[in-house]
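Right, one structure below, let's go through it.
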Amino acid sequence: MDSIISAASVIAAAVSVGLAAIGPGIGQGIASGSAVEAIARQPESETAIRGTLLLSLAFMEALTIYGLVVALSLLFANPFTS
Amino acid sequence: MYLFNLMNTSLLLSSGVEVGVHYYWDIGGISLHGQVFIVIWFICFFLFGLSFIGTAKLEKIPGGSQNFVEFLFEYTRDIAKDQIGESLYRPWVPFISTLFLFIFSCNWAGGLIPWKIIELPEGELAAPTNDINTTIALALLVSIFYFYGGFRKKGLGYFKRYISPTPILLPINILEDFTKPLSLSFRLFGNILADELTVTVLTILVPLIVPLPIMCLGLFASAVQAVIFSTLAAAYIAEAVEEH
């Protein structure tokens with residue numbers, strides 16, 4: 001296999017996961033911060049807030065996972081090598 | 001790929017990272033991923049058994065397995081009810097419940113059952129949802145069902161949804177029908193595969209104790225993914241069948 005292609009694939013995989021983690025990281029921080037604020041203001045609605053928070057965190061995490069899927073397909077099922 | 005080989009052939013490793021290695025069955029010229037089918041059949045038997053045992057002797061005051069099955073039913077029914085609404089949710093309960101139970105037990109079967117004991121000629125038994133074909137099949141099933149629900153409810157008036165609120169949004173509305181199954185399948189597939197890969201890599205680095213919290217996190221995340229998949233399926237169906 002071409003060593004340039006494998007080197008480029010490894011770098012691309014690292015960059016794709018790294019970049020994909022930035023946005024959701026910020027988003028999850030904002031969401032969790034707001035949820036803590038909401039719980040502090042209204043402790044009686046904690047269960048509802050926690051449920052919604054977990055659901056939305058999983059949605060944001062999915063965005064990183066898309067980057068991970070790209071990285072994994074570059075590492076293990078690279079279309080450019082064969 | 002040399003990185004892959006490096007991880008696989010090193011003598012120190014008790015388990016290698018295996019992605020894209022499958023136990024192929026050739027049936028009628030079609031090659032199937034055998035390891036997925038074996039685990040899926042196991043899960044089907046488990047779920048059938050659970051429902052038979054839970055509903056065999058129905059009593060007024062539930063106890064034991066009937067109690068558990070009723071709890072499961074109420075939980076999945078509430079997923080459908082919260083999204084689709086009180087008046088329309090009833091016919092969709094079986095579909096949403098099946099989706100939830102199947103995905104949930106697929107994910108947890110991969111995490112909880114020590115499949116490594118059973119040796120396959122190639123590949124390994126794991127959660128069926130870490131194969132993209134399984135998740136794409138499930139996501140396309142959701143697509144088919146929400147189209148079916150929309151047509152059943154509104155007939156050809158279903159297409160009005162594509163030009164609402166304005167006809168300018170037509171391309172985006174059409175695109176949405178493709179991005180829905182794509183994101184559904186990739187989300188589930190990526191999460192489960194990521195969990196299993198994290199555990200595998202950690203096991204390679206430190207075989208004892210250290211992977212345990214990550215495994216628990218993986219179980220939690222895969223349960224949340226099952227909830228999300230069924231919630232989203234219900235939400236898409238709700239979008240298709242709701243009245244304006």
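So you can find residues: chains in the structure tokens are A, B, ... in the order shown, residues in each start at 1, and ligands are numbered from 1 in order.
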
Please identify every residue of chain A that has at least one atom no more than 6 Å from any atom of chain B, counting only C-alpha atoms, and report them as a list in words.
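That gives Ala62, Ile65 and Val69 of chain A for chain A.
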
For the selection you just gave me, I'd like the residues written to a file as a PDB file, in the first residue's frame, keeping C-alpha atoms.
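Heads up, here's the output in part-v4.pdb:
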ATOM      1  CA  ALA A  62     -24.061  11.731  18.120  1.00  0.00           C
ATOM      2  CA  ILE A  65     -19.851   9.924  16.748  1.00  0.00           C
ATOM      3  CA  VAL A  69     -17.476   6.874  12.048  1.00  0.00           C
TER       4      VAL A  69
END

Mind checking DSSP for stretch 2-230 of chain B and telling me the helix (DSSP H, G or I) residues as a PyMOL selection string?
chain B and resi 2-9+34-56+65-84+90-112+115-117+128-130+132-163+167-205+211-230

Need the shell around A:Ser56: protein/DNA/RNA residues with any atom at most 10 Å away, counting only C-alpha atoms. Skip same-chain ones fewer than 6 positions apart. Format as a PyMOL selection string?
(chain A and resi 27-28+31-32+50+62) or (chain B and resi 228)

Any chance you could export the current selection's N, CA and C atoms as a short mmCIF file (atom, residue, chain, number, x, y, z; two decimals), in the first residue's frame?
data_model
loop_
_atom_site.label_atom_id
_atom_site.label_comp_id
_atom_site.auth_asym_id
_atom_site.auth_seq_id
_atom_site.Cartn_x
_atom_site.Cartn_y
_atom_site.Cartn_z
N GLY A 27 -21.38 22.62 23.13
CA GLY A 27 -22.84 22.51 23.27
C GLY A 27 -23.24 21.77 24.54
N GLN A 28 -22.53 20.67 24.83
CA GLN A 28 -22.87 19.91 26.04
C GLN A 28 -22.59 20.73 27.28
N ALA A 31 -25.47 23.17 27.61
CA ALA A 31 -26.71 22.48 28.02
C ALA A 31 -26.65 22.07 29.48
N SER A 32 -25.52 21.49 29.91
CA SER A 32 -25.42 21.04 31.29
C SER A 32 -25.46 22.22 32.24
N ARG A 50 -33.58 16.34 34.22
CA ARG A 50 -32.50 15.39 34.00
C ARG A 50 -32.78 14.52 32.77
N ALA A 62 -23.96 12.38 19.42
CA ALA A 62 -24.06 11.73 18.12
C ALA A 62 -23.22 12.46 17.08
N ILE B 228 -33.29 6.66 22.70
CA ILE B 228 -33.27 7.72 21.70
C ILE B 228 -33.80 7.22 20.36
#

Leaving out A:Gly67 and any residue of its chain fewer than 4 positions from it, which residues lie within 9 Å of it when counting only C-alpha atoms, given as a list in words?
Ala13, Ser16, Val17, Gly18, Leu19, Ala20, Ala21, Ala62, Leu63, Ala71 and Leu72 of chain A

Next, dump the selected residues to file, keeping only C-alpha atoms, as a short mmCIF file (atom, residue, chain, number, x, y, z; two decimals), in the first residue's frame.
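Contents of part_32.cif, as written:
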data_model
loop_
_atom_site.label_atom_id
_atom_site.label_comp_id
_atom_site.auth_asym_id
_atom_site.auth_seq_id
_atom_site.Cartn_x
_atom_site.Cartn_y
_atom_site.Cartn_z
CA ALA A 13 -8.81 10.23 11.11
CA SER A 16 -11.89 14.32 12.00
CA VAL A 17 -12.48 13.07 15.53
CA GLY A 18 -10.71 16.05 17.06
CA LEU A 19 -12.69 18.64 15.10
CA ALA A 20 -15.95 16.77 15.58
CA ALA A 21 -15.43 16.87 19.35
CA ALA A 62 -24.06 11.73 18.12
CA LEU A 63 -22.33 14.55 16.22
CA ALA A 71 -12.28 8.14 11.34
CA LEU A 72 -13.02 4.45 11.74
#

Report the distance between atom CA of B:Ser51 and atom CA of B:Ile103 in Å, rounded to one decimal place.
16.0 Å
